[in-house]
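Peer 1: Following this line is target-v5.txt, made up of compact mmCIF, C-alpha atoms:
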# COMPACT_ATOMS: atom_id res chain seq x y z
CA MET A 1 121.78 103.92 78.52
CA ASN A 2 118.01 103.85 78.71
CA ALA A 3 116.30 100.54 79.45
CA LEU A 4 115.57 98.88 76.13
CA THR A 5 114.25 95.38 75.73
CA SER A 6 114.73 92.98 72.85
CA ARG A 7 111.30 94.01 71.65
CA ASP A 8 112.80 97.45 71.02
CA VAL A 9 116.16 96.30 69.66
CA LEU A 10 115.09 93.31 67.58
CA ARG A 11 112.54 93.43 64.82
CA PRO A 12 109.30 91.53 65.50
CA GLY A 13 109.90 87.84 64.99
CA LYS A 14 107.67 85.15 63.62
CA LYS A 15 104.51 84.37 65.57
CA GLY A 16 102.28 81.40 66.19
CA LEU A 17 102.84 78.34 64.05
CA ALA A 18 105.65 79.98 62.06
CA ARG A 19 107.61 80.67 65.25
CA TRP A 20 106.98 77.15 66.52
CA ILE A 21 108.27 75.67 63.26
CA GLU A 22 111.32 77.95 63.34
CA GLY A 23 112.10 76.78 66.86
CA ARG A 24 111.75 73.14 65.92
CA VAL A 25 114.07 73.61 62.94
CA PHE A 26 116.81 75.09 65.13
CA ALA A 27 116.25 72.36 67.74
CA ALA A 28 116.56 69.63 65.11
CA MET A 29 119.82 70.90 63.64
CA PRO A 30 122.17 69.02 66.00
CA TYR A 31 120.46 65.74 65.09
CA ALA A 32 120.59 66.54 61.39
CA PHE A 33 124.27 67.44 61.65
CA ALA A 34 125.00 64.16 63.45
CA PHE A 35 123.29 62.26 60.63
CA PHE A 36 125.23 64.10 57.93
CA ARG A 37 128.58 63.72 59.73
CA ARG A 38 128.02 59.98 59.84
CA TRP A 39 126.42 59.26 56.48
CA LYS A 40 126.82 62.21 54.12
CA PRO A 41 129.54 64.61 55.33
CA VAL A 42 129.21 66.83 52.26
CA VAL A 43 125.66 67.14 50.99
CA LYS A 44 124.24 69.31 48.22
CA PHE A 45 120.90 71.09 48.28
CA GLY A 46 120.54 72.77 44.88
CA GLY A 47 123.23 75.42 44.68
CA MET A 48 124.14 75.11 48.38
CA THR A 49 126.63 72.58 49.71
CA LEU A 50 126.71 71.74 53.43
CA THR A 51 129.95 70.46 54.93
CA SER A 52 129.71 69.09 58.45
CA ARG A 53 132.96 67.44 59.55
CA TYR A 54 135.69 69.26 61.46
CA ASP A 55 138.49 68.81 58.91
CA ASP A 56 136.29 69.79 55.97
CA VAL A 57 134.94 72.90 57.69
CA LYS A 58 138.47 74.05 58.46
CA GLN A 59 139.50 73.34 54.87
CA VAL A 60 136.73 75.62 53.58
CA PHE A 61 137.69 78.42 55.98
CA ALA A 62 141.39 78.08 55.15
CA THR A 63 141.11 77.98 51.33
CA ASP A 64 140.19 81.56 50.55
CA PRO A 65 141.15 81.44 46.84
CA VAL A 66 138.39 78.86 46.32
CA PHE A 67 135.92 79.63 49.11
CA GLY A 68 135.57 83.40 49.35
CA ALA A 69 133.75 85.40 52.02
CA PRO A 70 130.36 86.58 50.70
CA TYR A 71 130.10 89.78 52.72
CA LYS A 72 131.16 92.52 50.28
CA PRO A 73 127.80 93.40 48.61
CA LYS A 74 126.04 94.13 51.88
CA LEU A 75 129.11 95.75 53.38
CA ASP A 76 129.08 98.14 50.43
CA VAL A 77 125.55 99.16 51.43
CA ILE A 78 126.53 99.65 55.07
CA MET A 79 129.84 101.40 54.37
CA GLY A 80 128.62 103.56 51.49
CA GLY A 81 130.82 101.72 49.01
CA GLU A 82 134.03 102.03 51.05
CA PRO A 83 136.02 98.77 51.35
CA PHE A 84 136.15 97.02 54.72
CA PHE A 85 138.54 94.13 55.31
CA LEU A 86 135.81 91.64 56.25
CA GLY A 87 134.68 91.72 52.64
CA MET A 88 138.16 91.51 51.07
CA ALA A 89 140.04 88.60 49.63
CA ASP A 90 143.61 87.79 50.64
CA THR A 91 145.09 90.94 49.11
CA PRO A 92 147.73 93.51 50.11
CA LEU A 93 144.90 95.92 51.03
CA TYR A 94 143.39 93.33 53.37
CA HIS A 95 146.68 92.89 55.18
CA ARG A 96 147.39 96.63 55.27
CA ASP A 97 144.01 97.36 56.84
CA THR A 98 144.06 94.52 59.37
CA ASP A 99 147.63 95.40 60.33
CA ALA A 100 146.56 99.02 60.75
CA MET A 101 143.77 98.03 63.13
CA ARG A 102 146.16 95.88 65.14
CA MET A 103 148.09 99.09 65.80
CA VAL A 104 145.10 100.57 67.65
CA VAL A 105 143.29 97.52 69.07
CA LEU A 106 146.03 96.31 71.39
CA PRO A 107 146.57 93.18 73.50
CA LYS A 108 147.40 95.37 76.49
CA ASP A 109 143.81 96.68 76.43
CA LEU A 110 142.22 93.30 77.06
CA PRO A 111 142.59 93.01 80.86
CA GLU A 112 141.05 96.45 81.33
CA LEU A 113 138.14 95.60 79.04
CA GLY A 114 137.51 92.52 81.17
CA ARG A 115 137.60 94.60 84.35
CA ARG A 116 135.17 97.14 82.89
CA ALA A 117 132.78 94.41 81.80
CA GLU A 118 132.88 92.74 85.21
CA ALA A 119 132.47 96.03 87.11
CA MET A 120 129.44 97.10 85.08
CA ALA A 121 127.89 93.64 85.31
CA GLU A 122 128.42 93.63 89.07
CA ALA A 123 126.67 97.00 89.42
CA ILE A 124 123.71 95.77 87.36
CA VAL A 125 123.38 92.49 89.27
CA ALA A 126 123.79 94.22 92.64
CA ALA A 127 120.94 96.57 91.78
CA ALA A 128 118.66 93.73 90.68
CA PRO A 129 116.09 92.56 93.28
CA GLY A 130 117.05 88.88 93.11
CA ARG A 131 115.79 88.64 89.53
CA ILE A 132 117.46 89.71 86.30
CA GLU A 133 116.77 89.45 82.57
CA VAL A 134 120.06 88.32 81.07
CA VAL A 135 119.82 89.38 77.41
CA ASP A 136 119.02 93.10 77.63
CA THR A 137 119.32 94.15 81.24
CA LEU A 138 122.71 92.51 81.65
CA VAL A 139 124.59 91.47 78.53
CA ARG A 140 123.44 93.98 75.92
CA ARG A 141 123.88 96.93 78.29
CA VAL A 142 127.38 95.84 79.30
CA THR A 143 128.51 95.02 75.78
CA PHE A 144 127.44 98.18 74.02
CA SER A 145 128.50 100.46 76.87
CA VAL A 146 131.97 98.97 77.31
CA LEU A 147 132.81 98.43 73.64
CA ALA A 148 131.35 101.66 72.26
CA ASP A 149 133.34 103.54 74.90
CA TYR A 150 136.50 101.61 73.97
CA PHE A 151 136.07 102.25 70.24
CA GLY A 152 135.30 105.92 70.83
CA VAL A 153 131.82 105.93 69.31
CA PRO A 154 129.33 107.66 71.67
CA GLU A 155 125.57 107.34 71.61
CA PRO A 156 124.10 109.24 68.63
CA LYS A 157 121.59 112.01 69.20
CA GLY A 158 118.19 110.76 68.14
CA GLY A 159 119.37 107.17 67.80
CA ASP A 160 120.57 104.17 69.80
CA LEU A 161 123.71 102.20 68.99
CA ARG A 162 122.10 99.01 70.28
CA VAL A 163 119.35 99.28 67.69
CA TRP A 164 121.58 100.57 64.90
CA GLY A 165 124.33 97.98 65.42
CA THR A 166 121.91 95.07 65.76
CA ARG A 167 119.90 96.02 62.66
CA LEU A 168 123.04 96.32 60.58
CA PHE A 169 124.36 93.03 61.97
CA GLU A 170 121.10 91.32 61.03
CA PHE A 171 121.25 92.74 57.52
CA GLN A 172 124.87 91.66 57.08
CA PHE A 173 124.78 88.19 58.60
CA ALA A 174 121.18 87.01 59.13
CA ASP A 175 119.15 88.18 56.16
CA PRO A 176 119.69 85.57 53.43
CA LYS A 177 116.41 86.33 51.64
CA GLY A 178 116.81 90.11 51.54
CA ASP A 179 113.87 91.36 53.62
CA PRO A 180 112.76 94.68 52.07
CA ALA A 181 111.58 96.04 55.43
CA LEU A 182 115.01 95.44 56.94
CA ARG A 183 116.66 97.00 53.91
CA ALA A 184 114.49 100.09 54.41
CA ASP A 185 115.79 100.32 58.00
CA VAL A 186 119.37 99.89 56.82
CA ASP A 187 119.01 102.61 54.19
CA GLN A 188 118.28 105.02 57.03
CA ILE A 189 120.58 103.66 59.74
CA ALA A 190 123.77 103.15 57.73
CA PRO A 191 124.04 106.78 56.45
CA ALA A 192 123.10 108.04 59.93
CA LEU A 193 125.86 106.00 61.57
CA ARG A 194 128.38 107.12 58.95
CA ALA A 195 127.45 110.74 59.57
CA HIS A 196 127.58 110.23 63.35
CA ILE A 197 131.12 108.82 63.23
CA ASP A 198 132.23 111.52 60.76
CA ALA A 199 131.00 114.15 63.20
CA GLU A 200 132.84 112.46 66.08
CA ILE A 201 136.06 112.36 64.05
CA ALA A 202 135.75 116.09 63.33
CA ALA A 203 134.99 116.84 66.98
CA ARG A 204 137.99 114.83 68.18
CA LYS A 205 140.28 116.71 65.82
CA ALA A 206 139.06 119.99 67.28
CA THR A 207 139.20 118.75 70.89
CA PRO A 208 141.37 115.66 71.39
CA GLY A 209 139.83 113.15 73.75
CA ARG A 210 140.94 110.39 76.08
CA ASP A 211 142.73 107.23 75.01
CA ASP A 212 140.48 105.02 72.89
CA VAL A 213 140.62 103.45 69.45
CA LEU A 214 139.47 106.62 67.69
CA THR A 215 142.10 108.75 69.45
CA ARG A 216 144.81 106.28 68.47
CA CYS A 217 143.63 106.27 64.85
CA LEU A 218 143.83 110.07 64.68
CA ALA A 219 147.31 110.05 66.22
CA LEU A 220 148.53 107.68 63.52
CA GLN A 221 146.77 109.74 60.86
CA LYS A 222 148.70 112.77 62.06
CA LYS A 223 151.93 110.80 61.63
CA GLY A 224 150.98 109.94 58.04
CA VAL A 225 150.60 106.20 58.61
CA PRO A 226 148.71 104.57 55.68
CA GLY A 227 145.22 103.26 56.40
CA PHE A 228 144.09 106.12 58.63
CA SER A 229 142.30 108.62 56.43
CA ASP A 230 139.05 109.97 57.86
CA VAL A 231 137.01 107.64 55.64
CA GLU A 232 139.15 104.62 56.52
CA ILE A 233 138.84 105.36 60.23
CA ARG A 234 135.07 105.73 59.90
CA THR A 235 134.74 102.50 57.94
CA ASN A 236 136.75 100.47 60.43
CA LEU A 237 134.91 101.90 63.44
CA MET A 238 131.60 101.09 61.74
CA GLY A 239 132.83 97.56 61.09
CA PHE A 240 133.65 97.16 64.77
CA ILE A 241 130.24 98.46 65.89
CA VAL A 242 128.35 96.26 63.41
CA GLY A 243 130.40 93.10 63.87
CA GLY A 244 131.25 93.27 67.57
CA PRO A 245 128.67 94.34 70.18
CA PRO A 246 125.68 92.50 68.63
CA GLN A 247 127.39 89.12 69.22
CA PRO A 248 127.55 88.82 73.05
CA PRO A 249 123.77 89.37 73.56
CA MET A 250 123.34 86.31 71.34
CA VAL A 251 125.97 83.90 72.66
CA VAL A 252 126.28 84.80 76.36
CA PRO A 253 122.59 84.20 77.22
CA GLN A 254 122.76 81.00 75.17
CA ALA A 255 125.75 79.91 77.24
CA MET A 256 123.82 80.69 80.42
CA GLU A 257 120.94 78.58 79.13
CA GLN A 258 123.30 75.66 78.55
CA LEU A 259 124.67 75.96 82.10
CA LEU A 260 121.14 76.04 83.52
CA ARG A 261 120.41 72.77 81.72
CA ARG A 262 123.40 71.12 83.44
CA PRO A 263 123.39 71.48 87.24
CA ASP A 264 126.93 70.10 87.58
CA ALA A 265 128.28 72.52 84.97
CA LEU A 266 126.44 75.41 86.59
CA ALA A 267 127.88 74.50 89.98
CA GLY A 268 131.37 74.29 88.50
CA ALA A 269 131.03 77.66 86.78
CA GLN A 270 129.78 79.22 90.01
CA ALA A 271 132.66 77.76 91.99
CA ALA A 272 135.14 79.15 89.45
CA ALA A 273 133.45 82.58 89.56
CA ARG A 274 133.52 82.71 93.35
CA ALA A 275 137.14 81.56 93.53
CA GLY A 276 138.28 84.12 90.96
CA GLU A 277 139.51 81.34 88.67
CA ASP A 278 138.81 83.37 85.55
CA ASP A 279 140.51 81.08 83.04
CA LEU A 280 138.46 78.15 84.31
CA LEU A 281 135.32 80.26 84.18
CA TRP A 282 136.14 81.05 80.55
CA GLY A 283 136.44 77.30 79.98
CA TYR A 284 132.90 76.80 81.27
CA VAL A 285 131.46 79.62 79.18
CA GLN A 286 133.34 78.61 76.02
CA GLU A 287 132.25 75.01 76.43
CA ALA A 288 128.64 76.09 76.99
CA MET A 289 128.82 78.10 73.78
CA ARG A 290 129.91 74.96 71.91
CA PHE A 291 126.46 73.48 72.53
CA ASP A 292 124.70 76.58 71.12
CA PRO A 293 127.13 78.76 69.15
CA LEU A 294 126.54 82.05 67.38
CA ALA A 295 125.21 80.36 64.23
CA PRO A 296 124.99 76.86 62.72
CA GLY A 297 127.60 77.79 60.14
CA LEU A 298 129.07 80.47 57.92
CA PRO A 299 128.58 80.74 54.14
CA ARG A 300 131.33 80.91 51.57
CA ASN A 301 131.08 81.63 47.85
CA VAL A 302 132.78 79.15 45.53
CA LEU A 303 134.99 81.39 43.38
CA VAL A 304 136.51 78.72 41.12
CA ASP A 305 135.81 75.03 40.62
CA GLY A 306 137.22 73.10 43.55
CA VAL A 307 136.97 70.02 45.73
CA ILE A 308 135.95 69.54 49.35
CA ALA A 309 137.65 66.70 51.27
CA ARG A 310 139.97 65.76 48.42
CA GLY A 311 141.43 62.28 48.82
CA THR A 312 138.72 61.04 51.17
CA SER A 313 135.83 58.70 50.55
CA HIS A 314 133.46 61.68 50.59
CA GLU A 315 135.46 63.88 48.19
CA THR A 316 132.97 66.27 46.57
CA PRO A 317 133.49 68.67 43.66
CA VAL A 318 131.98 72.15 43.81
CA GLN A 319 131.51 74.60 40.99
CA ALA A 320 132.13 78.31 40.74
CA GLY A 321 128.96 80.13 41.72
CA ASP A 322 127.90 77.60 44.34
CA THR A 323 127.53 78.46 48.01
CA VAL A 324 129.11 76.36 50.75
CA LEU A 325 127.84 76.41 54.32
CA ALA A 326 130.73 75.52 56.62
CA ALA A 327 128.80 74.16 59.60
CA PHE A 328 131.14 74.96 62.47
CA ALA A 329 128.40 74.05 64.98
CA SER A 330 128.61 70.54 63.57
CA ALA A 331 132.41 70.56 63.38
CA MET A 332 132.67 71.25 67.12
CA MET A 333 130.65 68.05 67.72
CA ASP A 334 132.70 65.84 65.38
CA PRO A 335 134.06 62.88 67.38
CA ARG A 336 136.90 62.50 64.86
CA ARG A 337 138.54 65.62 66.31
CA VAL A 338 136.59 66.38 69.52
CA THR A 339 136.86 63.74 72.22
CA ASP A 340 133.48 62.59 73.55
CA PRO A 341 131.73 65.65 72.11
CA ALA A 342 128.43 65.12 73.97
CA ARG A 343 130.23 65.48 77.30
CA PHE A 344 130.46 68.94 78.89
CA ASP A 345 134.17 69.51 79.52
CA PRO A 346 135.49 72.98 80.45
CA HIS A 347 139.10 71.78 80.04
CA ARG A 348 139.02 71.09 76.30
CA PRO A 349 141.93 72.25 74.12
CA ALA A 350 141.44 75.51 72.25
CA SER A 351 141.65 73.65 68.94
CA ASN A 352 138.23 72.09 69.65
CA TYR A 353 136.55 75.46 69.22
CA ILE A 354 135.72 77.28 65.98
CA HIS A 355 133.21 79.70 67.51
CA PHE A 356 134.50 82.73 65.63
CA GLY A 357 135.61 81.24 62.34
CA TYR A 358 139.07 80.19 61.29
CA ASP A 359 142.02 81.50 59.29
CA LEU A 360 141.76 84.62 57.09
CA HIS A 361 138.31 85.83 58.09
CA GLN A 362 138.39 84.64 61.67
CA CYS A 363 136.55 87.22 63.78
CA PHE A 364 138.84 90.22 64.33
CA GLY A 365 137.27 90.75 67.76
CA ARG A 366 137.76 87.19 69.03
CA HIS A 367 140.38 88.32 71.56
CA ILE A 368 137.96 90.92 72.91
CA ASN A 369 135.35 88.18 73.25
CA ARG A 370 137.88 86.01 75.07
CA ALA A 371 138.62 88.89 77.45
CA THR A 372 135.04 89.89 78.24
CA LEU A 373 132.29 87.32 77.69
CA HIS A 374 132.76 85.31 80.88
CA PHE A 375 133.07 88.48 82.96
CA MET A 376 129.56 89.50 81.93
CA LEU A 377 128.22 86.40 83.70
CA LYS A 378 130.73 86.25 86.57
CA PRO A 379 128.85 88.56 89.01
CA LEU A 380 125.61 86.67 88.40
CA LEU A 381 127.28 83.29 88.82
CA LYS A 382 128.75 84.39 92.15
CA ARG A 383 125.25 84.76 93.59
CA ALA A 384 123.68 81.98 95.63
CA ASN A 385 121.07 79.62 94.25
CA VAL A 386 121.05 80.93 90.69
CA ARG A 387 118.15 79.30 88.88
CA ARG A 388 115.53 79.86 86.21
CA ALA A 389 112.72 82.28 86.90
CA PRO A 390 109.35 80.53 87.21
CA GLY A 391 107.30 80.00 84.09
CA GLY A 392 108.16 80.95 80.55
CA ALA A 393 110.40 83.84 81.61
CA GLY A 394 112.95 81.32 82.86
CA ARG A 395 113.40 79.73 79.43
CA LEU A 396 115.59 81.13 76.71
CA VAL A 397 113.38 82.66 74.03
CA LYS A 398 114.91 83.19 70.60
CA ASN A 399 113.89 85.42 67.73
CA GLY A 400 115.42 83.70 64.73
CA PRO A 401 119.15 83.53 65.47
CA PHE A 402 118.94 86.18 68.22
CA ALA A 403 118.50 85.52 71.93
CA GLU A 404 115.43 87.51 72.98
CA SER A 405 114.96 86.92 76.69
CA LEU A 406 116.08 84.75 79.60
CA THR A 407 115.30 85.62 83.22
CA VAL A 408 117.03 84.07 86.21
CA VAL A 409 116.54 84.50 89.93
CA PHE A 410 118.96 84.19 92.85
CA ASP A 411 119.06 84.54 96.63
Could you rewrite the structure in this file as structure tokens?

Peer 2:
Amino acid sequence: MNALTSRDVLRPGKKGLARWIEGRVFAAMPYAFAFFRRWKPVVKFGGMTLTSRYDDVKQVFATDPVFGAPYKPKLDVIMGGEPFFLGMADTPLYHRDTDAMRMVVLPKDLPELGRRAEAMAEAIVAAAPGRIEVVDTLVRRVTFSVLADYFGVPEPKGGDLRVWGTRLFEFQFADPKGDPALRADVDQIAPALRAHIDAEIAARKATPGRDDVLTRCLALQKKGVPGFSDVEIRTNLMGFIVGGPPQPPMVVPQAMEQLLRRPDALAGAQAAARAGEDDLLWGYVQEAMRFDPLAPGLPRNVLVDGVIARGTSHETPVQAGDTVLAAFASAMMDPRRVTDPARFDPHRPASNYIHFGYDLHQCFGRHINRATLHFMLKPLLKRANVRRAPGGAGRLVKNGPFAESLTVVFD
């Protein structure tokens, strides 16, 4: 892949005072969440209801008949009107399609994906002259290279999957106001990506390729297994490209930032990396992500009149047509379910974490994340005297919800 920076991949962010205000809003969210958890666990702002406690957030995620995923309208734009399971309710089609993808995205693949991620990250860090930019030079390159290769979606001629996938991700998950300039990008990128994957499907039929997700899909298509028509294969591969690779360049640099803020945690993560204690290293990275997760929360549409936290002192009715924001960033700091949440603890139980949602629409790629995210940082953490680069380069810069740059140095 050519060397792209976040200035190429991400759209220009806010500048000046607007960017400063945006940064302060994100910085203030943990304090606001702490206030709401204590005094107003379910709070309404017009047609939007924020729920901040662990149990209530999980209730929203787990009650799909009342709190439905809002993703279908924009998925229809991306997929050309073809249904993708992320936008479906709890229907037979949802289960058919997710079961079909579990036939081609296999648990046995995960160790090899981790090895590929670590090997590529090691090559990048080894070639760096004691200084490396984490977001683009390391994490984005590793993520898109390893996962696009695994899915069987090569680089498009005249395009770049990093740009295409990130733009479509932004449109789907981080564009609540409907930016017309972003929509104009999407109206070009989405058909181009559909055509690119269609062409790859046709090429693979003519000349079968190596073992990857696309090859497995075509093998099952040949056997007549439902869920593997050309259009269904294309739609699912697009869903993986849009929903998967854009995430690590957001959360992994943010995890590195959290480690840099905590010398003891950084030292522990480095010791685990050097000792090859990969499960412990995952514990450090997962815990770091708890302090700055992918997003503050996930929205859900209220499909029928319902109640949040029924039977509690903060029981709150919601009406069909409302929007609920299930603040999982707040839930992971709720002392009612997370012991001493302000303490950095890499040994926490898995139940403390809701990084990738919960229940029906929990991230399909969460196991891939579990297998790869810590390995992207492992080669860097093995180096001696890892520290921030001098000046502003050594601080995590964000562009809205996206990590934009973070440079570290090492001996």

Peer 1: Rank nothing, just name the residue among A:Leu406, A:Ala309, A:Ala389, A:Leu4 nearest to Gly130 of chain A, using all atoms listed in the file.

Peer 2: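 Distance minimum relative to Gly130 of chain A lands on A:Ala389.
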
Peer 1: Any idea what the distance is between atom CA of Lys378 of chain A and atom CA of Ala267 of chain A?

Peer 2: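 Between these atoms lies a distance of 12.6 Å.
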
Peer 1: Identify the residues around (121.0, 74.6, 50.5) within a radius of 10 Å, measuring from all atoms listed in the file in the coordinates stated by the file, and give them as a tab-separated table (two decimals) with C-alpha atoms, in the coordinates of the input.

Peer 2:
chain	number	residue	atom	x	y	z
A	43	VAL	CA	125.66	67.14	50.99
A	44	LYS	CA	124.24	69.31	48.22
A	45	PHE	CA	120.90	71.09	48.28
A	46	GLY	CA	120.54	72.77	44.88
A	47	GLY	CA	123.23	75.42	44.68
A	48	MET	CA	124.14	75.11	48.38
A	49	THR	CA	126.63	72.58	49.71
A	50	LEU	CA	126.71	71.74	53.43
A	322	ASP	CA	127.90	77.60	44.34
A	323	THR	CA	127.53	78.46	48.01
A	324	VAL	CA	129.11	76.36	50.75
A	325	LEU	CA	127.84	76.41	54.32

Peer 1: With distances taken over only C-alpha atoms, which residue among A:Val135, A:Pro401, A:Val307, A:Val409 lies nearest Glu22 of chain A?

Peer 2: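 Among the listed residues, A:Pro401 lies closest to Glu22 of chain A.
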
Peer 1: One number please: atom CA of Met79 of chain A to atom CA of Leu93 of chain A, in Å, one decimal.

Peer 2: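 Interatomic distance here is 16.4 Å.
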
Peer 1: Please compute the atom CA of Phe144 of chain A-atom CA of Pro245 of chain A distance, one decimal, in Å.

Peer 2: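 It comes out at 5.6 Å.
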
Peer 1: Within 9 Å of Asp411 of chain A, counting all atoms listed in the file, which residues show up once you throw out same-chain ones fewer than 4 positions away? Write them as an mmCIF file with C-alpha atoms, in the frame of the given file, please.

Peer 2:
data_model
loop_
_atom_site.group_PDB
_atom_site.id
_atom_site.type_symbol
_atom_site.label_atom_id
_atom_site.label_comp_id
_atom_site.auth_asym_id
_atom_site.auth_seq_id
_atom_site.Cartn_x
_atom_site.Cartn_y
_atom_site.Cartn_z
ATOM 1 C CA GLY A 130 117.050 88.880 93.110
ATOM 2 C CA ARG A 131 115.790 88.640 89.530
ATOM 3 C CA ARG A 383 125.250 84.760 93.590
ATOM 4 C CA ALA A 384 123.680 81.980 95.630
ATOM 5 C CA ASN A 385 121.070 79.620 94.250
ATOM 6 C CA VAL A 386 121.050 80.930 90.690
#

Peer 1: Could you check the closest approach to Thr91 of chain A for each of A:Asp305, A:Gly283, A:Leu360, A:His374 and tell me which residue wins, using all atoms listed in the file?

Peer 2: A:Leu360
